[in-house]
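In what follows, a single structure is set out as structure tokens and then discussed.
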Protein chains: 2
Amino acid sequence: MSLTQLEYFVAVAESGSVTRAASRCAVSQPPLTRQIRALEDELCAQLFERGPRGMALTREGERLLVHARSVLALVRATPRVVRSG
Amino acid sequence: MSLTQLEYFVAVAESGSVTRAASRCAVSQPPLTRQIRALEDELCAQLFERGPRGMALTREGERLLVHARSVLALVRATPRVVRSG
DNA sequence: AAGACCAATACCGTTTGGGTATGCCTGCGG
DNA sequence: CCGCAGGCATACCCAAACGGTATTGGTCTT
């Protein structure tokens with residue numbers, strides 16, 4: 001699991017679509033699809049329900065979403081922490 | 001910043017030596033040296049004081065240590081969170 | 001003064017990651 | 001019923017990142 005995967009996952013979850021998440025992350029669609037699948041494989045969990053209209057979070061995906069946001073928030077706080085405690 | 005960098009950093013901080021941290025992380029010494037330096041560069045902070053006896057945390061390094069442990073603990077909890085909330 | 005220890009650097013091979021092009025499926029409009 | 005549009009998945013290629021081996025430089029010890 002990488003921080004990039006978590007960022008991609010949050011973007012897909014929030015936009016409901018790999019395609020929209022791709023432009024938001026400034027990458028193309030295939031890398032996102034791959035990283036999401038890799039994340040699902042590693043966690044042995046299906047995070048999204050694939051429908052013809054996009055991607056919808058599963059229960060497990062919803063749990064990961066709140067957790068991933070916490071992780072990313074902590075990571076983004078790192079520079080401040082290092083500087084000012 | 002990557003999770004690997006944080007793991008390497010914690011290992012070096014706890015062992016006080018890149019060489020010992022390397023065997024603990026099951027990698028060789030040069031990759032650790034490089035990742036630690038990359039982390040310092042990215043954070044624009046010196047994390048260790050280099051002495052002939054090894055590496056000692058600076059103030060900023062100590063702040064990063066507690067923070068990095070939090071991040072890694074959160075990440076390691078991910079599989080459980082996904083499964084059981 | 002020589003050897004030991006440790007971090008830093010050079011160089012190389014492998015792996016990972018992203019990009020382009022394309023295929024497949026589903027839903028919609030004629 | 002058929003073609004078209006939208007969206008995810010896959011194939012293939014190239015560049016960047018990562019780790020390993022070998023070596024250097026510097027300091028402490030004897």
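Every chain in the structure tokens has a letter given in the order shown (A, B, ...), and although residue numbers restart at 1 in each chain, ligands are simply numbered from 1 in the order shown.
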
> Neighbours of region 74-84 of chain B within 9 Å (only C-alpha atoms (C1' of nucleotides); same-chain residues fewer than 3 positions away dropped), as an MDAnalysis selection string?
Replying inline: (chainID A and resid 1 43:45 59:64 67:68 70:71) or (chainID B and resid 3 69:71)

Using 12 Å as the limit and counting only C-alpha atoms (C1' of nucleotides), can you tabulate each residue of chain C that touches chain B, with its shortest atom-to-atom distance in Å and the two atoms involved, as a Markdown table?
```
| residue | atom | partner | partner_atom | distance |
| --- | --- | --- | --- | --- |
| C:DA4 | C1' | B:Pro52 | CA | 11.9 |
| C:DC5 | C1' | B:Arg53 | CA | 8.2 |
| C:DC6 | C1' | B:Pro52 | CA | 6.4 |
| C:DA7 | C1' | B:Thr33 | CA | 7.5 |
| C:DA8 | C1' | B:Thr33 | CA | 7.7 |
| C:DT9 | C1' | B:Pro30 | CA | 9.0 |
| C:DA10 | C1' | B:Pro30 | CA | 11.3 |
```

> If you run DSSP on this backbone, which residues of chain A come out as strand (DSSP E or B), and could you give them as an MDAnalysis selection string?
Replying inline: chainID A and resid 48:51 54:57

>> Taking only C-alpha atoms (C1' of nucleotides) into account and nothing else, which residues of chain D lie no more than 12 Å away from chain B? Please answer as a ChimeraX atom specification.
In response: /D:17-22,25-28

Kindly export the residues of the current selection with N, CA and C atoms (P, O5', C5', C4', C3', O3' and C1' of nucleotides), as a CSV table (one decimal), in the first residue's frame.
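Printed below is selection28.csv as written:
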```
chain,number,residue,atom,x,y,z
D,17,DA,P,11.8,9.9,-10.5
D,17,DA,O5',11.7,8.6,-9.6
D,17,DA,C5',10.5,7.9,-9.6
D,17,DA,C4',10.7,6.6,-8.8
D,17,DA,C3',11.5,6.7,-7.6
D,17,DA,O3',10.9,6.0,-6.5
D,17,DA,C1',12.4,5.0,-9.0
D,18,DC,P,11.7,5.9,-5.1
D,18,DC,O5',12.4,4.4,-5.2
D,18,DC,C5',11.5,3.3,-5.5
D,18,DC,C4',12.4,2.0,-5.4
D,18,DC,C3',13.3,2.1,-4.2
D,18,DC,O3',13.2,1.0,-3.4
D,18,DC,C1',14.5,1.5,-6.2
D,19,DG,P,14.1,0.8,-2.1
D,19,DG,O5',15.1,-0.4,-2.5
D,19,DG,C5',14.6,-1.5,-3.1
D,19,DG,C4',15.8,-2.4,-3.5
D,19,DG,C3',16.9,-2.5,-2.5
D,19,DG,O3',17.3,-3.9,-2.4
D,19,DG,C1',17.8,-1.7,-4.6
D,20,DG,P,18.6,-4.3,-1.5
D,20,DG,O5',19.7,-4.6,-2.6
D,20,DG,C5',19.5,-5.6,-3.6
D,20,DG,C4',20.8,-5.8,-4.3
D,20,DG,C3',22.0,-6.0,-3.4
D,20,DG,O3',22.8,-7.1,-3.8
D,20,DG,C1',22.4,-4.2,-4.9
D,21,DT,P,24.2,-7.3,-2.9
D,21,DT,O5',25.4,-6.7,-3.8
D,21,DT,C5',25.4,-7.1,-5.2
D,21,DT,C4',26.7,-6.5,-5.8
D,21,DT,C3',28.0,-6.6,-4.9
D,21,DT,O3',29.1,-6.9,-5.8
D,21,DT,C1',27.5,-4.3,-5.3
D,22,DA,P,30.5,-7.2,-5.2
D,22,DA,O5',31.3,-5.7,-5.4
D,22,DA,C5',31.2,-5.2,-6.7
D,22,DA,C4',31.9,-3.8,-6.7
D,22,DA,C3',33.2,-3.8,-5.9
D,22,DA,O3',34.2,-3.1,-6.6
D,22,DA,C1',31.7,-2.1,-5.2
D,25,DG,P,38.5,9.1,-2.0
D,25,DG,O5',37.8,9.6,-0.7
D,25,DG,C5',36.6,10.3,-0.7
D,25,DG,C4',36.1,10.7,0.7
D,25,DG,C3',37.3,11.2,1.5
D,25,DG,O3',36.8,12.2,2.4
D,25,DG,C1',36.3,9.3,2.6
D,26,DG,P,37.9,13.1,3.2
D,26,DG,O5',37.2,13.1,4.7
D,26,DG,C5',35.9,12.8,4.9
D,26,DG,C4',35.6,12.2,6.2
D,26,DG,C3',36.7,12.6,7.3
D,26,DG,O3',36.1,12.9,8.5
D,26,DG,C1',36.6,10.3,7.2
D,27,DT,P,36.8,13.8,9.6
D,27,DT,O5',36.8,12.9,10.9
D,27,DT,C5',35.5,12.4,11.4
D,27,DT,C4',35.7,11.2,12.2
D,27,DT,C3',36.8,11.3,13.4
D,27,DT,O3',36.2,10.8,14.5
D,27,DT,C1',37.2,9.4,12.2
D,28,DC,P,36.6,11.4,16.0
D,28,DC,O5',36.7,10.2,16.9
D,28,DC,C5',35.7,9.1,16.7
D,28,DC,C4',36.4,7.8,16.9
D,28,DC,C3',37.4,7.7,18.1
D,28,DC,O3',37.1,6.6,19.0
D,28,DC,C1',38.4,6.8,16.2
```

>> From a backbone DSSP assignment, name each residue in region 13-69 of chain A labelled helix (DSSP H, G or I), as a ChimeraX atom specification.
In response: /A:13-15,18-25,29-43,59-69

Would you save the residues of that selection, restricted to C-alpha atoms, as a compact mmCIF listing (two decimals), in the first residue's frame?
```txt
# COMPACT_ATOMS: atom_id res chain seq x y z
CA ALA A 13 -14.49 7.58 -4.12
CA GLU A 14 -15.28 11.28 -4.04
CA SER A 15 -15.83 11.69 -7.76
CA VAL A 18 -12.15 6.75 -12.43
CA THR A 19 -12.20 9.10 -15.37
CA ARG A 20 -13.05 12.18 -13.32
CA ALA A 21 -10.59 11.17 -10.60
CA ALA A 22 -7.88 10.89 -13.24
CA SER A 23 -8.18 14.49 -14.35
CA ARG A 24 -8.38 15.58 -10.74
CA CYS A 25 -5.15 13.72 -9.96
CA GLN A 29 -7.18 6.81 -16.42
CA PRO A 30 -5.30 3.50 -16.75
CA PRO A 31 -2.84 4.08 -13.89
CA LEU A 32 -5.75 4.83 -11.60
CA THR A 33 -7.60 1.68 -12.57
CA ARG A 34 -4.45 -0.33 -11.94
CA GLN A 35 -3.68 1.18 -8.56
CA ILE A 36 -7.23 0.76 -7.36
CA ARG A 37 -7.18 -2.88 -8.35
CA ALA A 38 -3.79 -3.35 -6.69
CA LEU A 39 -5.20 -1.86 -3.52
CA GLU A 40 -8.18 -4.18 -3.64
CA ASP A 41 -5.88 -7.12 -4.21
CA GLU A 42 -3.62 -6.21 -1.33
CA LEU A 43 -6.52 -5.72 1.06
CA ARG A 59 -19.23 -1.06 2.73
CA GLU A 60 -15.57 -1.90 2.97
CA GLY A 61 -14.76 0.95 0.62
CA GLU A 62 -16.62 3.38 2.84
CA ARG A 63 -14.65 2.25 5.85
CA LEU A 64 -11.43 2.64 3.95
CA LEU A 65 -12.45 6.12 2.81
CA VAL A 66 -12.65 7.59 6.29
CA HIS A 67 -9.47 5.81 7.29
CA ALA A 68 -7.57 6.92 4.20
CA ARG A 69 -8.57 10.52 4.82
```

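Minimum distance to chain B across A:Ala73, A:Gly16, A:Ala56, A:Tyr8 (counting only C-alpha atoms) occurs at A:Ala73.
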
> Can you tell me, as a VMD selection string, what residues are no more than 12 Å from DT22 (chain C) when counting only C-alpha atoms (C1' of nucleotides), ignoring any on the same chain fewer than 4 positions away?
Replying inline: chain D and resid 9 to 12

Kindly save the residues from that selection, with C-alpha atoms (C1' of nucleotides) included, as a PDB file, in the first residue's frame.
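And here's out-v2.pdb as it stands now:
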```
ATOM      1  C1'  DA D   9     -10.288  -2.798 -18.342  1.00  0.00           C
ATOM      2  C1'  DT D  10      -6.270  -4.459 -20.941  1.00  0.00           C
ATOM      3  C1'  DA D  11      -1.923  -4.480 -24.015  1.00  0.00           C
ATOM      4  C1'  DC D  12       2.117  -2.553 -24.915  1.00  0.00           C
TER       5       DC D  12
END
```

Test item: residues at most 10 Å from DC25 (chain C), only C-alpha atoms (C1' of nucleotides), excluding those fewer than 2 positions along its chain, as a PDB file with C-alpha atoms (C1' of nucleotides), in the first residue's frame:
```
ATOM      1  CA  PRO A  52     -21.940   1.280 -16.305  1.00  0.00           C
TER       2      PRO A  52
ATOM      3  C1'  DG C  23     -11.198  -3.395 -26.542  1.00  0.00           C
ATOM      4  C1'  DG C  27     -27.410   2.360 -21.899  1.00  0.00           C
TER       5       DG C  27
ATOM      6  C1'  DG D   7     -16.935   4.414 -18.846  1.00  0.00           C
ATOM      7  C1'  DC D   8     -13.752   0.793 -17.056  1.00  0.00           C
TER       8       DC D   8
END
```
